[in-house]
$ cat my_file.tsv   # TSV, C-alpha atoms
chain	number	residue	atom	x	y	z
A	19	MET	CA	-83.59	-20.98	-67.55
A	20	ALA	CA	-85.47	-24.28	-67.90
A	21	SER	CA	-89.18	-24.09	-68.53
A	22	GLY	CA	-91.87	-26.66	-67.64
A	23	GLY	CA	-94.99	-26.24	-69.85
A	24	GLY	CA	-96.00	-27.81	-73.08
A	25	GLY	CA	-97.78	-31.11	-73.16
A	26	ASP	CA	-96.73	-32.24	-76.61
A	27	GLY	CA	-93.64	-34.15	-75.43
A	28	ARG	CA	-91.20	-31.92	-77.21
A	29	GLU	CA	-88.07	-30.51	-75.66
A	30	GLU	CA	-89.09	-28.40	-72.69
A	31	GLU	CA	-85.93	-26.43	-72.04
A	32	VAL	CA	-86.33	-22.78	-72.98
A	33	GLN	CA	-85.14	-22.36	-76.53
A	34	ILE	CA	-83.88	-18.96	-77.51
A	35	GLN	CA	-82.99	-17.50	-80.87
A	36	ILE	CA	-79.37	-16.45	-81.09
A	37	ALA	CA	-79.34	-12.75	-81.88
A	38	GLY	CA	-76.59	-10.44	-83.05
A	39	SER	CA	-75.66	-12.39	-86.16
A	40	SER	CA	-76.95	-11.79	-89.64
A	41	LYS	CA	-76.81	-15.54	-90.20
A	42	ALA	CA	-79.19	-16.43	-87.39
A	43	ALA	CA	-82.30	-16.16	-89.55
A	44	THR	CA	-81.01	-18.52	-92.21
A	45	SER	CA	-79.75	-21.17	-89.81
A	46	SER	CA	-82.96	-21.24	-87.81
A	47	THR	CA	-84.86	-22.94	-90.60
A	48	HIS	CA	-82.46	-25.86	-90.83
A	49	GLU	CA	-80.81	-27.80	-88.02
A	50	VAL	CA	-81.19	-25.45	-85.08
A	51	PRO	CA	-84.46	-25.73	-83.16
A	52	THR	CA	-85.70	-22.20	-82.62
A	53	GLN	CA	-88.85	-20.35	-81.74
A	54	ASN	CA	-91.58	-20.43	-84.37
A	55	SER	CA	-91.26	-16.71	-85.01
A	56	PRO	CA	-88.40	-14.23	-84.78
A	57	VAL	CA	-90.24	-12.36	-82.02
A	58	LYS	CA	-88.40	-12.55	-78.74
A	59	SER	CA	-90.57	-14.13	-76.05
A	60	TRP	CA	-90.70	-13.11	-72.42
A	61	GLN	CA	-88.43	-16.10	-71.63
A	62	TRP	CA	-85.76	-14.57	-73.87
A	63	TRP	CA	-85.85	-11.29	-71.95
A	64	VAL	CA	-85.78	-13.17	-68.63
A	65	MET	CA	-82.71	-15.12	-69.77
A	66	VAL	CA	-80.97	-11.91	-70.79
A	67	GLY	CA	-81.77	-10.33	-67.41
A	68	VAL	CA	-80.65	-13.37	-65.42
A	69	ASN	CA	-77.36	-13.67	-67.29
A	70	MET	CA	-76.71	-9.94	-66.93
A	71	PHE	CA	-77.20	-10.30	-63.17
A	72	PHE	CA	-74.83	-13.29	-63.05
A	73	LEU	CA	-72.15	-11.42	-64.99
A	74	ILE	CA	-72.33	-8.13	-63.09
A	75	ALA	CA	-72.70	-9.71	-59.64
A	76	GLY	CA	-70.02	-12.34	-60.26
A	77	GLN	CA	-67.53	-9.94	-61.80
A	78	THR	CA	-68.02	-7.39	-59.03
A	79	ALA	CA	-67.66	-9.98	-56.25
A	80	SER	CA	-64.63	-11.68	-57.79
A	81	THR	CA	-62.87	-8.37	-58.41
A	82	LEU	CA	-63.44	-7.19	-54.84
A	83	LEU	CA	-62.33	-10.55	-53.41
A	84	GLY	CA	-59.27	-10.51	-55.67
A	85	ARG	CA	-58.34	-7.11	-54.34
A	86	PHE	CA	-58.87	-8.35	-50.78
A	87	TYR	CA	-56.53	-11.29	-51.51
A	88	TYR	CA	-53.70	-8.98	-52.58
A	89	ASN	CA	-54.38	-6.44	-49.82
A	90	GLN	CA	-54.09	-9.14	-47.17
A	91	GLY	CA	-50.75	-10.43	-48.43
A	92	GLY	CA	-51.56	-12.86	-51.26
A	93	ASN	CA	-48.98	-12.82	-54.05
A	94	SER	CA	-49.22	-15.98	-56.18
A	95	LYS	CA	-49.77	-15.35	-59.89
A	96	TRP	CA	-50.62	-18.97	-60.64
A	97	MET	CA	-53.03	-19.20	-57.71
A	98	SER	CA	-54.73	-16.06	-58.99
A	99	THR	CA	-54.98	-17.74	-62.40
A	100	PHE	CA	-56.17	-21.03	-60.90
A	101	VAL	CA	-59.12	-19.61	-58.92
A	102	GLN	CA	-60.54	-17.93	-62.02
A	103	THR	CA	-61.67	-21.33	-63.32
A	104	ALA	CA	-61.34	-23.78	-60.39
A	105	GLY	CA	-64.91	-23.27	-59.15
A	106	PHE	CA	-66.46	-25.09	-62.11
A	107	PRO	CA	-67.56	-28.23	-60.11
A	108	VAL	CA	-70.42	-26.22	-58.53
A	109	LEU	CA	-71.96	-25.94	-62.01
A	110	PHE	CA	-72.50	-29.72	-62.16
A	111	ILE	CA	-75.39	-29.22	-59.73
A	112	ALA	CA	-77.16	-26.86	-62.12
A	113	LEU	CA	-76.30	-29.11	-65.08
A	114	TYR	CA	-77.86	-32.12	-63.32
A	115	LEU	CA	-81.03	-30.17	-62.53
A	116	PHE	CA	-81.47	-28.97	-66.11
A	117	ARG	CA	-80.82	-32.42	-67.59
A	118	SER	CA	-83.05	-34.27	-65.14
A	119	SER	CA	-85.92	-31.83	-65.76
A	120	THR	CA	-85.95	-32.54	-69.50
A	121	GLN	CA	-84.51	-36.01	-69.90
A	122	THR	CA	-87.78	-37.88	-69.42
A	123	THR	CA	-89.82	-35.65	-71.72
A	124	THR	CA	-87.53	-35.15	-74.68
A	125	THR	CA	-88.61	-37.34	-77.61
A	126	ASN	CA	-87.28	-35.28	-80.49
A	127	PRO	CA	-83.74	-34.26	-79.53
A	128	ALA	CA	-81.57	-32.00	-81.66
A	129	PRO	CA	-78.82	-33.57	-83.80
A	130	LYS	CA	-75.81	-34.47	-81.69
A	131	THR	CA	-72.43	-32.91	-82.25
A	132	SER	CA	-69.39	-35.10	-82.89
A	133	ILE	CA	-67.79	-35.88	-79.52
A	134	THR	CA	-64.30	-35.69	-81.02
A	135	LYS	CA	-64.95	-32.29	-82.58
A	136	ILE	CA	-66.50	-30.73	-79.48
A	137	THR	CA	-63.76	-32.19	-77.25
A	138	LEU	CA	-61.07	-30.59	-79.39
A	139	ILE	CA	-62.92	-27.27	-79.25
A	140	TYR	CA	-63.26	-27.43	-75.45
A	141	VAL	CA	-59.57	-28.29	-75.04
A	142	ALA	CA	-58.44	-25.51	-77.37
A	143	LEU	CA	-60.69	-22.90	-75.73
A	144	GLY	CA	-59.67	-24.07	-72.24
A	145	LEU	CA	-55.96	-23.70	-73.00
A	146	ILE	CA	-56.53	-20.25	-74.50
A	147	ILE	CA	-58.53	-19.22	-71.40
A	148	ALA	CA	-55.71	-20.40	-69.09
A	149	ALA	CA	-53.14	-18.43	-71.08
A	150	ASP	CA	-55.42	-15.39	-71.07
A	151	ASP	CA	-55.90	-15.55	-67.28
A	152	LEU	CA	-52.15	-15.82	-66.76
A	153	MET	CA	-51.47	-12.81	-68.99
A	154	TYR	CA	-53.96	-10.77	-66.96
A	155	SER	CA	-52.24	-11.87	-63.72
A	156	TYR	CA	-48.82	-10.80	-64.96
A	157	GLY	CA	-50.21	-7.55	-66.30
A	158	LEU	CA	-51.68	-6.63	-62.94
A	159	LEU	CA	-48.38	-7.50	-61.27
A	160	TYR	CA	-46.20	-5.35	-63.54
A	161	LEU	CA	-48.50	-2.38	-64.21
A	162	PRO	CA	-50.05	0.36	-62.10
A	163	VAL	CA	-53.78	-0.11	-61.63
A	164	SER	CA	-54.47	2.97	-63.77
A	165	THR	CA	-52.60	1.66	-66.80
A	166	TYR	CA	-53.99	-1.85	-66.32
A	167	SER	CA	-57.59	-0.61	-66.23
A	168	LEU	CA	-57.03	1.61	-69.25
A	169	ILE	CA	-55.69	-1.26	-71.36
A	170	CYS	CA	-58.44	-3.64	-70.22
A	171	ALA	CA	-61.00	-1.17	-71.54
A	172	SER	CA	-59.67	-1.90	-75.04
A	173	GLN	CA	-61.22	-5.38	-75.00
A	174	LEU	CA	-64.56	-3.98	-76.13
A	175	ALA	CA	-62.95	-2.42	-79.20
A	176	PHE	CA	-61.15	-5.69	-79.96
A	177	ASN	CA	-64.42	-7.57	-79.60
A	178	ALA	CA	-66.16	-5.19	-82.01
A	179	VAL	CA	-63.57	-6.10	-84.66
A	180	PHE	CA	-63.76	-9.86	-84.02
A	181	SER	CA	-67.57	-9.78	-83.94
A	182	TYR	CA	-67.68	-8.06	-87.30
A	183	PHE	CA	-65.39	-10.56	-89.04
A	184	LEU	CA	-66.21	-13.81	-87.18
A	185	ASN	CA	-69.85	-13.36	-86.15
A	186	ALA	CA	-71.22	-11.11	-88.92
A	187	GLN	CA	-72.23	-8.58	-86.27
A	188	LYS	CA	-74.32	-5.74	-87.69
A	189	PHE	CA	-73.28	-2.32	-86.41
A	190	THR	CA	-76.07	0.22	-86.06
A	191	PRO	CA	-75.53	3.79	-84.80
A	192	LEU	CA	-76.95	2.76	-81.40
A	193	ILE	CA	-74.54	-0.19	-81.04
A	194	PHE	CA	-71.59	1.93	-82.16
A	195	ASN	CA	-72.60	4.61	-79.66
A	196	SER	CA	-72.76	1.97	-76.91
A	197	VAL	CA	-69.28	0.62	-77.71
A	198	VAL	CA	-67.73	4.10	-77.75
A	199	LEU	CA	-69.42	5.24	-74.52
A	200	LEU	CA	-68.53	2.11	-72.57
A	201	THR	CA	-64.92	2.17	-73.79
A	202	PHE	CA	-64.55	5.82	-72.74
A	203	SER	CA	-66.26	5.07	-69.43
A	204	ALA	CA	-63.79	2.32	-68.54
A	205	SER	CA	-60.89	4.44	-69.80
A	206	LEU	CA	-61.90	7.28	-67.48
A	207	LEU	CA	-61.56	4.90	-64.55
A	208	GLY	CA	-58.07	3.99	-65.69
A	209	VAL	CA	-57.02	7.64	-65.97
A	210	ASP	CA	-58.54	8.44	-62.58
A	211	GLU	CA	-56.93	5.59	-60.61
A	212	ASP	CA	-53.91	6.42	-58.47
A	213	THR	CA	-50.65	4.87	-59.64
A	214	GLN	CA	-49.63	2.10	-57.26
A	215	GLY	CA	-46.41	0.33	-56.46
A	216	THR	CA	-44.48	0.64	-59.71
A	217	THR	CA	-41.32	2.31	-58.44
A	218	SER	CA	-39.61	-1.08	-57.97
A	219	ILE	CA	-40.66	-2.39	-61.39
A	220	SER	CA	-38.04	-2.19	-64.12
A	221	HIS	CA	-38.74	-0.61	-67.48
A	222	GLY	CA	-38.47	-4.02	-69.15
A	223	LYS	CA	-41.10	-5.56	-66.88
A	224	TYR	CA	-43.35	-2.53	-67.39
A	225	ILE	CA	-43.19	-3.00	-71.18
A	226	LEU	CA	-43.81	-6.74	-70.73
A	227	GLY	CA	-46.82	-6.03	-68.51
A	228	PHE	CA	-48.20	-3.59	-71.08
A	229	MET	CA	-47.85	-6.07	-73.94
A	230	LEU	CA	-49.28	-8.99	-71.93
A	231	THR	CA	-52.32	-6.99	-70.80
A	232	LEU	CA	-52.98	-5.77	-74.33
A	233	GLY	CA	-52.61	-9.32	-75.59
A	234	ALA	CA	-54.92	-10.60	-72.85
A	235	SER	CA	-57.61	-8.07	-73.80
A	236	ALA	CA	-57.43	-9.08	-77.45
A	237	THR	CA	-57.40	-12.80	-76.53
A	238	TYR	CA	-60.42	-12.43	-74.24
A	239	SER	CA	-62.37	-10.78	-77.04
A	240	LEU	CA	-61.33	-13.54	-79.44
A	241	ILE	CA	-62.52	-16.18	-76.95
A	242	LEU	CA	-65.99	-14.61	-76.80
A	243	SER	CA	-66.31	-14.55	-80.60
A	244	LEU	CA	-65.05	-18.14	-80.92
A	245	MET	CA	-67.64	-19.28	-78.36
A	246	GLN	CA	-70.38	-17.63	-80.40
A	247	VAL	CA	-69.12	-19.37	-83.56
A	248	THR	CA	-69.14	-22.69	-81.67
A	249	PHE	CA	-72.75	-22.22	-80.56
A	250	GLU	CA	-73.97	-21.21	-84.02
A	251	LYS	CA	-71.90	-23.44	-86.31
A	252	VAL	CA	-70.93	-26.53	-84.29
A	253	ILE	CA	-73.23	-27.25	-81.34
A	254	LYS	CA	-76.43	-25.99	-83.01
A	255	ARG	CA	-78.60	-26.58	-79.96
A	256	GLU	CA	-80.29	-23.88	-77.94
A	257	THR	CA	-80.72	-25.03	-74.34
A	258	PHE	CA	-79.21	-23.68	-71.15
A	259	SER	CA	-77.43	-26.99	-70.48
A	260	VAL	CA	-75.35	-26.18	-73.58
A	261	VAL	CA	-74.19	-22.99	-71.86
A	262	LEU	CA	-73.25	-24.94	-68.73
A	263	ASN	CA	-71.40	-27.59	-70.74
A	264	MET	CA	-69.37	-24.93	-72.51
A	265	GLN	CA	-68.39	-23.29	-69.21
A	266	ILE	CA	-67.71	-26.52	-67.29
A	267	TYR	CA	-65.47	-28.27	-69.78
A	268	THR	CA	-63.46	-25.26	-70.91
A	269	ALA	CA	-62.95	-24.37	-67.23
A	270	LEU	CA	-61.84	-27.94	-66.50
A	271	VAL	CA	-59.12	-27.73	-69.14
A	272	ALA	CA	-58.05	-24.24	-67.99
A	273	THR	CA	-57.91	-25.40	-64.36
A	274	LEU	CA	-55.71	-28.41	-65.20
A	275	ALA	CA	-53.41	-26.15	-67.21
A	276	SER	CA	-53.19	-23.73	-64.26
A	277	LEU	CA	-52.36	-26.59	-61.89
A	278	VAL	CA	-49.53	-27.70	-64.17
A	279	GLY	CA	-48.22	-24.13	-64.18
A	280	LEU	CA	-48.56	-23.85	-60.39
A	281	PHE	CA	-46.41	-26.94	-59.79
A	282	ALA	CA	-44.00	-26.43	-62.69
A	283	SER	CA	-43.22	-22.87	-61.55
A	284	GLY	CA	-42.58	-23.94	-57.96
A	285	GLU	CA	-45.11	-21.43	-56.60
A	286	TRP	CA	-46.97	-24.25	-54.83
A	287	MET	CA	-44.13	-24.37	-52.28
A	288	THR	CA	-44.85	-20.77	-51.21
A	289	LEU	CA	-48.59	-21.24	-50.63
A	290	GLN	CA	-48.32	-22.54	-47.07
A	291	GLY	CA	-46.21	-19.55	-46.05
A	292	GLU	CA	-48.62	-17.24	-47.87
A	293	MET	CA	-51.54	-18.70	-45.92
A	294	HIS	CA	-49.77	-18.30	-42.57
A	295	ALA	CA	-48.82	-14.70	-43.43
A	296	PHE	CA	-52.33	-13.76	-44.57
A	297	GLN	CA	-53.27	-10.81	-42.38
A	298	SER	CA	-56.86	-11.85	-41.63
A	299	GLY	CA	-55.97	-15.47	-40.82
A	300	LYS	CA	-55.84	-18.94	-42.37
A	301	LEU	CA	-59.60	-19.47	-42.50
A	302	SER	CA	-60.04	-16.12	-44.20
A	303	TYR	CA	-57.35	-17.09	-46.74
A	304	VAL	CA	-59.14	-20.31	-47.65
A	305	MET	CA	-62.60	-18.74	-47.78
A	306	THR	CA	-61.32	-15.85	-49.90
A	307	LEU	CA	-59.98	-18.28	-52.51
A	308	VAL	CA	-63.12	-20.46	-52.40
A	309	TRP	CA	-65.57	-17.59	-52.84
A	310	THR	CA	-63.37	-15.95	-55.46
A	311	ALA	CA	-63.50	-19.18	-57.46
A	312	ILE	CA	-67.30	-19.44	-57.10
A	313	SER	CA	-67.78	-15.78	-58.01
A	314	TRP	CA	-65.71	-16.21	-61.17
A	315	GLN	CA	-67.91	-19.14	-62.20
A	316	VAL	CA	-71.08	-17.12	-61.66
A	317	ALA	CA	-69.61	-14.36	-63.82
A	318	SER	CA	-68.47	-16.85	-66.46
A	319	VAL	CA	-71.93	-18.39	-66.74
A	320	GLY	CA	-73.26	-14.88	-67.33
A	321	VAL	CA	-70.61	-14.23	-69.99
A	322	VAL	CA	-71.28	-17.48	-71.87
A	323	GLY	CA	-75.04	-17.15	-71.38
A	324	LEU	CA	-75.14	-13.69	-72.96
A	325	ILE	CA	-73.03	-14.91	-75.87
A	326	PHE	CA	-75.58	-17.69	-76.30
A	327	VAL	CA	-78.78	-15.65	-76.13
A	328	VAL	CA	-77.57	-12.36	-77.66
A	329	SER	CA	-74.00	-12.04	-78.98
A	330	SER	CA	-70.35	-11.94	-77.91
A	331	LEU	CA	-70.37	-8.15	-78.35
A	332	PHE	CA	-73.33	-7.69	-76.01
A	333	SER	CA	-71.65	-9.96	-73.45
A	334	ASN	CA	-68.57	-7.73	-73.54
A	335	VAL	CA	-70.76	-4.63	-73.31
A	336	ILE	CA	-72.22	-5.87	-70.02
A	337	SER	CA	-68.77	-6.90	-68.78
A	338	THR	CA	-67.51	-3.38	-69.48
A	339	LEU	CA	-70.64	-1.92	-67.87
A	340	ALA	CA	-69.62	-3.65	-64.62
A	341	LEU	CA	-66.28	-1.78	-64.46
A	342	PRO	CA	-67.76	1.56	-63.30
A	343	ILE	CA	-70.09	-0.28	-60.89
A	344	ILE	CA	-67.24	-1.92	-58.98
A	345	PRO	CA	-65.93	1.38	-57.49
A	346	VAL	CA	-69.34	1.91	-55.82
A	347	PHE	CA	-68.87	-1.30	-53.84
A	348	ALA	CA	-65.20	-0.48	-53.29
A	349	VAL	CA	-66.38	2.70	-51.51
A	350	ILE	CA	-68.60	0.59	-49.24
A	351	PHE	CA	-66.19	-2.27	-48.46
A	352	PHE	CA	-62.74	-0.68	-48.85
A	353	ARG	CA	-63.60	2.97	-48.09
A	354	ASP	CA	-62.37	4.14	-51.48
A	355	LYS	CA	-63.12	7.69	-52.55
A	356	MET	CA	-66.01	8.29	-54.97
A	357	ASP	CA	-64.97	11.35	-56.95
A	358	GLY	CA	-66.55	13.15	-59.87
A	359	ILE	CA	-64.65	11.18	-62.52
A	360	LYS	CA	-66.01	7.87	-61.21
A	361	ILE	CA	-69.55	9.25	-61.15
A	362	ILE	CA	-69.21	10.50	-64.74
A	363	ALA	CA	-67.78	7.12	-65.81
A	364	MET	CA	-70.71	5.32	-64.21
A	365	LEU	CA	-73.26	7.58	-65.90
A	366	MET	CA	-71.55	7.10	-69.29
A	367	ALA	CA	-71.63	3.33	-68.77
A	368	ILE	CA	-75.35	3.41	-67.98
A	369	TRP	CA	-75.95	5.58	-71.06
A	370	GLY	CA	-74.01	3.12	-73.21
A	371	PHE	CA	-75.96	0.18	-71.82
A	372	ILE	CA	-79.30	1.93	-72.42
A	373	SER	CA	-78.19	2.62	-76.00
A	374	TYR	CA	-77.57	-1.08	-76.69
A	375	GLY	CA	-80.72	-2.10	-74.79
A	376	TYR	CA	-82.80	0.29	-76.89
A	377	GLN	CA	-81.36	-1.29	-80.03
A	378	LEU	CA	-82.58	-4.70	-78.82
A	379	PHE	CA	-86.02	-3.16	-78.17
A	380	VAL	CA	-86.10	-1.62	-81.66
A	381	ASP	CA	-85.12	-4.96	-83.23
A	382	ASP	CA	-87.79	-6.79	-81.24
A	383	LYS	CA	-90.46	-4.24	-82.24
A	384	LYS	CA	-89.47	-4.60	-85.90
A	385	ASP	CA	-89.65	-8.40	-85.63
A	386	ARG	CA	-93.13	-8.19	-84.11
A	387	LYS	CA	-94.38	-6.00	-86.97
A	388	SER	CA	-92.89	-8.42	-89.52
A	389	SER	CA	-94.52	-11.34	-87.73
A	390	VAL	CA	-97.93	-9.64	-87.76
A	391	SER	CA	-97.58	-8.88	-91.49
A	392	VAL	CA	-96.73	-12.50	-92.25
A	393	ASP	CA	-99.72	-13.76	-90.23
A	394	GLU	CA	-102.09	-11.39	-92.05
A	395	THR	CA	-100.89	-12.43	-95.51
A	396	SER	CA	-101.12	-16.10	-94.65
$ encode --input "my_file.tsv" --output "structure tokens"
Amino acid sequence: MASGGGGDGREEEVQIQIAGSSKAATSSTHEVPTQNSPVKSWQWWVMVGVNMFFLIAGQTASTLLGRFYYNQGGNSKWMSTFVQTAGFPVLFIALYLFRSSTQTTTTNPAPKTSITKITLIYVALGLIIAADDLMYSYGLLYLPVSTYSLICASQLAFNAVFSYFLNAQKFTPLIFNSVVLLTFSASLLGVDEDTQGTTSISHGKYILGFMLTLGASATYSLILSLMQVTFEKVIKRETFSVVLNMQIYTALVATLASLVGLFASGEWMTLQGEMHAFQSGKLSYVMTLVWTAISWQVASVGVVGLIFVVSSLFSNVISTLALPIIPVFAVIFFRDKMDGIKIIAMLMAIWGFISYGYQLFVDDKKDRKSSVSVDETS
């Protein structure tokens, strides 16, 4: 997050080297203000931990609240799409705090990005996010939970491909092991889930749901890689307010697109009846949507933050890690069964996460040795 210290009048927001790209080292000596050495500071590890917490907590809460919405009688696809981005105004509070804490002390700001260019990027990403959210909503409507979860697990594999070609991601045996373990872990959950409510779904809609969910998984992975490219090649600034800006303005565009869809489809006319029919009451209906929206924003900040401080692949790794964690809370809040398959999936996910985390530790240790060697020779 933001850091106070430093009496030299330079920018005081925590600045973190973007990892996960082979091009990070070359760009750091030009326009991007980075740490003086490649060694990751304690602030870097704190930022990684905080963003991991945001992603896992937000994704778990939003998933559980989304399930509660459908269990209690909610049925609007566009409303489900809308709440995934509509909570972005709460992030203006954090954005104000970060800007106000550095505005008076920054005398050597980083080069500014063209407003026209960054606006076009935000609009394009926002529209893609809205389409992606809608595809996920339709997929969940037309597919059994088991098939849906199984296909969603493919997003990590898609992201591995996009990261290699778009972000120059280096694949070590530990990273490859992490990707494989987490993909299998999420897939086990999909195989284990009970098939739900598909007897009334036609074969055509089933195929459509399959294709849309697969497309949504690929699109989500593409979004993560494009965000990393934007940070590294276009914005070229390394402060947490950049993360918030990315999330706020892409979410704004996605929310407006969802609103257009909500009214154009005519679903807005069914919302009042849906609220009255909500089993736990009108207040519960409103609060469910509000907290779902806020939870999605917390998760999204974690997603974008991890792309910013590590890589799009690592962000997706943590997102996939959350999938086996959700059933634990489902046991507590919805009295789901915790069987052996879910326990194995959770252990595989933890193993996969440790594998990637160890790779980060190895890289950091190697950087420290290189830094010491450079200091001794100089």
$ closest_residue --input "my_file.tsv" --among "A:Met245, A:Gln290, A:Gly375, A:Leu307" --to "Leu143 in chain A" --atoms "only C-alpha atoms"
A:Met245
$ atom_distance --input "my_file.tsv" --atom1 "CA of Tyr374 in chain A" --atom2 "CA of Leu192 in chain A"
6.1 Å
$ residues_around --input "my_file.tsv" --residues "Met229 in chain A" --least-positions-apart "5" --cutoff "9 Å" --atoms "all atoms listed in the file" --output "VMD selection string"
chain A and resid 157 224 234
$ closest_residue --input "my_file.tsv" --among "A:Ala363, A:Gly222, A:Trp286, A:Val108" --to "Ile343 in chain A" --atoms "only C-alpha atoms"
A:Ala363
$ closest_residue --input "my_file.tsv" --among "A:Leu82, A:Ala75, A:Ile169, A:Leu226" --to "Thr310 in chain A" --atoms "only C-alpha atoms"
A:Leu82
$ residues_around --input "my_file.tsv" --residues "Phe180 in chain A" --least-positions-apart "5" --cutoff "8 Å" --atoms "only C-alpha atoms" --output "list in words"
Asn185, Ser239, Leu240 and Ser243 of chain A
$ decode --input "my_file.tsv" --residues "range 373-379 of chain A" --atoms "all heavy atoms" --output "short mmCIF file (atom, residue, chain, number, x, y, z; two decimals), in the first residue's frame"
data_model
loop_
_atom_site.label_atom_id
_atom_site.label_comp_id
_atom_site.auth_asym_id
_atom_site.auth_seq_id
_atom_site.Cartn_x
_atom_site.Cartn_y
_atom_site.Cartn_z
N SER A 373 4.24 -24.31 -4.52
CA SER A 373 5.19 -24.48 -5.61
C SER A 373 5.51 -23.14 -6.27
O SER A 373 6.68 -22.81 -6.50
CB SER A 373 4.62 -25.45 -6.65
OG SER A 373 5.52 -25.65 -7.72
N TYR A 374 4.47 -22.35 -6.55
CA TYR A 374 4.69 -21.04 -7.17
C TYR A 374 5.36 -20.09 -6.17
O TYR A 374 6.26 -19.32 -6.52
CB TYR A 374 3.36 -20.44 -7.65
CG TYR A 374 3.51 -19.42 -8.75
CD1 TYR A 374 2.94 -19.62 -10.00
CD2 TYR A 374 4.25 -18.25 -8.55
CE1 TYR A 374 3.08 -18.69 -11.02
CE2 TYR A 374 4.39 -17.31 -9.56
CZ TYR A 374 3.81 -17.53 -10.79
OH TYR A 374 3.95 -16.62 -11.79
N GLY A 375 4.92 -20.14 -4.91
CA GLY A 375 5.52 -19.29 -3.89
C GLY A 375 6.99 -19.57 -3.70
O GLY A 375 7.80 -18.65 -3.51
N TYR A 376 7.37 -20.85 -3.76
CA TYR A 376 8.78 -21.22 -3.63
C TYR A 376 9.59 -20.68 -4.80
O TYR A 376 10.75 -20.28 -4.64
CB TYR A 376 8.93 -22.73 -3.52
CG TYR A 376 10.35 -23.19 -3.27
CD1 TYR A 376 10.97 -22.93 -2.05
CD2 TYR A 376 11.07 -23.85 -4.25
CE1 TYR A 376 12.28 -23.31 -1.83
CE2 TYR A 376 12.37 -24.25 -4.04
CZ TYR A 376 12.98 -23.98 -2.81
OH TYR A 376 14.28 -24.36 -2.59
N GLN A 377 8.97 -20.66 -6.00
CA GLN A 377 9.66 -20.11 -7.16
C GLN A 377 9.96 -18.62 -6.94
O GLN A 377 11.05 -18.14 -7.26
CB GLN A 377 8.82 -20.29 -8.42
CG GLN A 377 9.46 -19.73 -9.68
CD GLN A 377 10.75 -20.45 -10.02
OE1 GLN A 377 10.76 -21.67 -10.22
NE2 GLN A 377 11.85 -19.72 -10.10
N LEU A 378 9.00 -17.88 -6.37
CA LEU A 378 9.23 -16.48 -6.06
C LEU A 378 10.37 -16.32 -5.06
O LEU A 378 11.20 -15.40 -5.16
CB LEU A 378 7.95 -15.83 -5.52
CG LEU A 378 6.78 -15.69 -6.48
CD1 LEU A 378 5.57 -15.09 -5.76
CD2 LEU A 378 7.15 -14.83 -7.68
N PHE A 379 10.41 -17.22 -4.06
CA PHE A 379 11.48 -17.18 -3.05
C PHE A 379 12.84 -17.46 -3.69
O PHE A 379 13.83 -16.78 -3.39
CB PHE A 379 11.18 -18.23 -1.96
CG PHE A 379 12.31 -18.40 -0.98
CD1 PHE A 379 12.53 -17.48 0.02
CD2 PHE A 379 13.15 -19.52 -1.07
CE1 PHE A 379 13.58 -17.65 0.93
CE2 PHE A 379 14.19 -19.69 -0.17
CZ PHE A 379 14.40 -18.74 0.84
#
